[in-house]
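Right, one structure below, let's go through it.
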Amino acid sequence: MTGPLKVGIAGLGTVGSGVLKLLRDHNRELQERLGRQIVVTAISARSRSKDRGLDLSSYRWLETPAAVASSPDVDVFVELIGGENGAPKQAVETALRAGKPVVTANKALLAQHGVGLAALAERNNVALKFEAAVAGGIPVIKALRESLLSNRITRVSGILNGTCNYILSLMQSEGRAFAEVLAEAQRAGYAEADPTFDIGGFDTAHKLAILTSLAFGTEMSLKDVYIEGITGIQAADIEAAEDLGYRIKLLGVAQRTESGIEQRVHPTMVPKQSAIAAVNGVTNCVAIDTDYAGSLTLVGPGAGSKATASSVVSDIVDIARGDKSPAFVLPAAKLEPYRQAQLRAHEGGYYVRLSVFDKYGAFAKIATRMAEQKVSLDSIVQRRPRTGRPGRARSSPIDSGTPVPVIMITHDTTEAAIRTALERIEADGQIEGRPQMIRIESI
Ligand SMILES: NC(=O)c1ccc[n+]([C@@H]2O[C@H](COP(=O)([O-])OP(=O)(O)OC[C@H]3O[C@@H](n4cnc5c(N)ncnc54)[C@H](OP(=O)(O)O)[C@@H]3O)[C@@H](O)[C@H]2O)c1
């Protein structure tokens, strides 16, 4: 039997304490399955006195993450702090320079510095592993790096942020407004006090940038991800989507196109009967389209102490087995420069909601603007608000000038065409406020 693998862990929060518990609870099974023991030899966090629901007395406490990374009795450095710069980055670099493999769950660090760190790992002939950084407990990194290695991947898409999916699911199931559901998510611990990183789509973008690099063999390009969050989604959109046979999800989508690689994060209408539409609450989902294996959908917990710990330990296990393969499948120097596809060239169907002043000719003008851009409509529904006494509801009179919600679904068109049409409709003064536009994906 090979000697024990000595692990040093920096960061003992949700993920770090989960890893300690998993290695403690499944120690015997892991040893039997690996033929080798995994032993935690050093730990570090900010506060030594914090109660973590764990007895830490048997672990050696070091004051800084870098001290863990450089400790002589640490073979593998596990970074579970978070954040793209500062102490975690410095400690990861220290470990790699010292020829020690690194496991991290830090998507922010990877999305910003992943290729540089991968190159550093290769120069030192060690592994850099990050299964937990994308979609928590779903083994999507392994799927792309190993199981689907022989395939050409055409598209990776998914629900990569549990907070957004929880909010959209609750808006859909209970017909409630965004702000109200966000407040409830914060009370339930599913959204941060400052939820911008999640609801603004940035967390999804970090994960998508990592998946893009793995799937398409390109350098990482977080700055080129088109990002739209979910803050503009209204109960009216959720309701209209339901009536039209769709659900609204925040998707990250990366796909090869003729003009380059498209990376986009935005609310998306997906057919109600699709697998992705049925993924509710904090659950994550990743769909991968390949040339030989076909289309796969992986669904599971995208966060949480146990699920994420399971992914971190799977990386430690790979290292215990001697895996030193390049972090992003190809050696860092062979990753192609990222060539960004123009989003304006994106083709697909669109949902549009306008608040149209109820005047003669308003509809005709809107239809003309769409036709000018060769946008053809699959359906158009005018939802006239009800007025009058309760029990004797009647439509508001035509030509009243009152804004009336109008919902349109387009046939496939280009992003450039629909944007131009909507800009002109807005400039014509026939609508109140800004148009709402949601892309439709047939997944
Ligand atoms: N939570 C999830 O479900 C999840 C899922 C996937 C990936 N991740 C990623 O996993 C990483 C950790 O997330 P988490 O949720 O476990 O975070 P967390 O609960 O906030 O824990 C962070 C830990 O890092 C420690 N820490 C912070 N700054 C430090 C410093 N300068 N030196 C040493 N230790 C420091 C903290 O110490 P104290 O405890 O003493 O404050 C804490 O133990 C992040 O990169 C995150 O994106 C998390």
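The chains in the structure tokens are called A, B, ... from first to last as shown; in each chain the residues are counted from 1, and the ligands are counted from 1 in the order shown.
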When you look at segment 150-166 of chain A with a cut-off of 8 Å (counting only C-alpha atoms), what residues show up, excluding the ones that are within fewer than 2 positions of it in the same chain? I need them as a ChimeraX atom specification. /A:134-135,147-148,168-170,185,190-191,198-199,203-204,207,211-212,215-216,230,249-256,276,280-293,302-303
Which residues are near ligand 1 - at most 7 Å, using only C-alpha atoms and all ligand atoms? Format: as an NGL selection string. :A and (10-16 or 44-48 or 50 or 64-65 or 80-83 or 87 or 105-108 or 132-136 or 302-305 or 308)
List as a ChimeraX atom specification the protein and nucleic acid residues near Pro101 of chain A, meaning an atom at most 8 Å away when only C-alpha atoms are counted, but skip any in the same chain fewer than 4 places from it. /A:75-77,95-96,121,126-128,319
Identify, on the basis of only C-alpha atoms, every residue whose closest approach to Ala69 of chain A does not exceed 12 Å; exclude the query and any residue fewer than 2 positions from it along the same chain; express the result as a PyMOL selection string. chain A and resi 6-10+41-44+62-67+71-79+87-103
Go ahead and write the selection's residues with C-alpha atoms as a PDB file, in the first residue's frame.
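In the end it all went to part-v7.pdb:
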ATOM      1  CA  LYS A   6      -1.222  14.397   3.459  1.00  0.00           C
ATOM      2  CA  VAL A   7      -3.754  17.148   2.872  1.00  0.00           C
ATOM      3  CA  GLY A   8      -3.646  20.776   4.031  1.00  0.00           C
ATOM      4  CA  ILE A   9      -6.891  22.753   3.969  1.00  0.00           C
ATOM      5  CA  ALA A  10      -7.207  26.560   4.003  1.00  0.00           C
ATOM      6  CA  THR A  41      -2.264  17.332   8.411  1.00  0.00           C
ATOM      7  CA  ALA A  42      -2.789  21.105   8.533  1.00  0.00           C
ATOM      8  CA  ILE A  43      -5.698  23.540   8.540  1.00  0.00           C
ATOM      9  CA  SER A  44      -6.201  27.288   8.503  1.00  0.00           C
ATOM     10  CA  LEU A  62      -1.447  27.241  10.876  1.00  0.00           C
ATOM     11  CA  GLU A  63      -1.916  30.982  10.863  1.00  0.00           C
ATOM     12  CA  THR A  64      -2.028  31.631   7.099  1.00  0.00           C
ATOM     13  CA  PRO A  65      -3.113  29.794   3.942  1.00  0.00           C
ATOM     14  CA  ALA A  66       0.422  30.236   2.554  1.00  0.00           C
ATOM     15  CA  ALA A  67       1.833  28.499   5.647  1.00  0.00           C
ATOM     16  CA  SER A  71       4.184  23.188   5.132  1.00  0.00           C
ATOM     17  CA  PRO A  72       6.546  20.191   4.665  1.00  0.00           C
ATOM     18  CA  ASP A  73       3.881  17.764   5.916  1.00  0.00           C
ATOM     19  CA  VAL A  74       1.354  18.811   3.254  1.00  0.00           C
ATOM     20  CA  ASP A  75       1.344  16.899  -0.061  1.00  0.00           C
ATOM     21  CA  VAL A  76      -1.836  18.493  -1.472  1.00  0.00           C
ATOM     22  CA  PHE A  77      -3.058  22.019  -0.846  1.00  0.00           C
ATOM     23  CA  VAL A  78      -6.844  22.509  -0.742  1.00  0.00           C
ATOM     24  CA  GLU A  79      -8.003  26.131  -1.119  1.00  0.00           C
ATOM     25  CA  ALA A  87      -4.408  35.256   0.237  1.00  0.00           C
ATOM     26  CA  PRO A  88      -6.032  32.382  -1.699  1.00  0.00           C
ATOM     27  CA  LYS A  89      -4.249  33.190  -4.963  1.00  0.00           C
ATOM     28  CA  GLN A  90      -0.942  33.667  -3.204  1.00  0.00           C
ATOM     29  CA  ALA A  91      -1.305  30.353  -1.353  1.00  0.00           C
ATOM     30  CA  VAL A  92      -2.296  28.449  -4.497  1.00  0.00           C
ATOM     31  CA  GLU A  93       0.756  29.836  -6.299  1.00  0.00           C
ATOM     32  CA  THR A  94       2.980  28.973  -3.330  1.00  0.00           C
ATOM     33  CA  ALA A  95       1.784  25.369  -3.396  1.00  0.00           C
ATOM     34  CA  LEU A  96       2.167  24.979  -7.164  1.00  0.00           C
ATOM     35  CA  ARG A  97       5.657  26.518  -7.130  1.00  0.00           C
ATOM     36  CA  ALA A  98       6.592  24.071  -4.379  1.00  0.00           C
ATOM     37  CA  GLY A  99       5.485  21.214  -6.673  1.00  0.00           C
ATOM     38  CA  LYS A 100       2.307  20.446  -4.726  1.00  0.00           C
ATOM     39  CA  PRO A 101      -1.004  19.664  -6.416  1.00  0.00           C
ATOM     40  CA  VAL A 102      -3.879  22.018  -5.654  1.00  0.00           C
ATOM     41  CA  VAL A 103      -7.614  21.466  -5.246  1.00  0.00           C
TER      42      VAL A 103
END
Which residue out of A:Leu20, A:Val40, A:Ile431, A:Ala119 has the minimum interatomic distance to Pro4 of chain A when only C-alpha atoms are used? A:Val40
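In this structure, atom CA of Ala275 of chain A sits 12.5 Å away from atom CA of Glu441 of chain A.
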Write down as a PyMOL selection string the residues belonging to segment 316-437 of chain A that are assigned strand (DSSP E or B) by DSSP computed on the backbone. chain A and resi 328+330+336+340+347-357+377-382+386-387+394-395+403-410+413-414+431-437
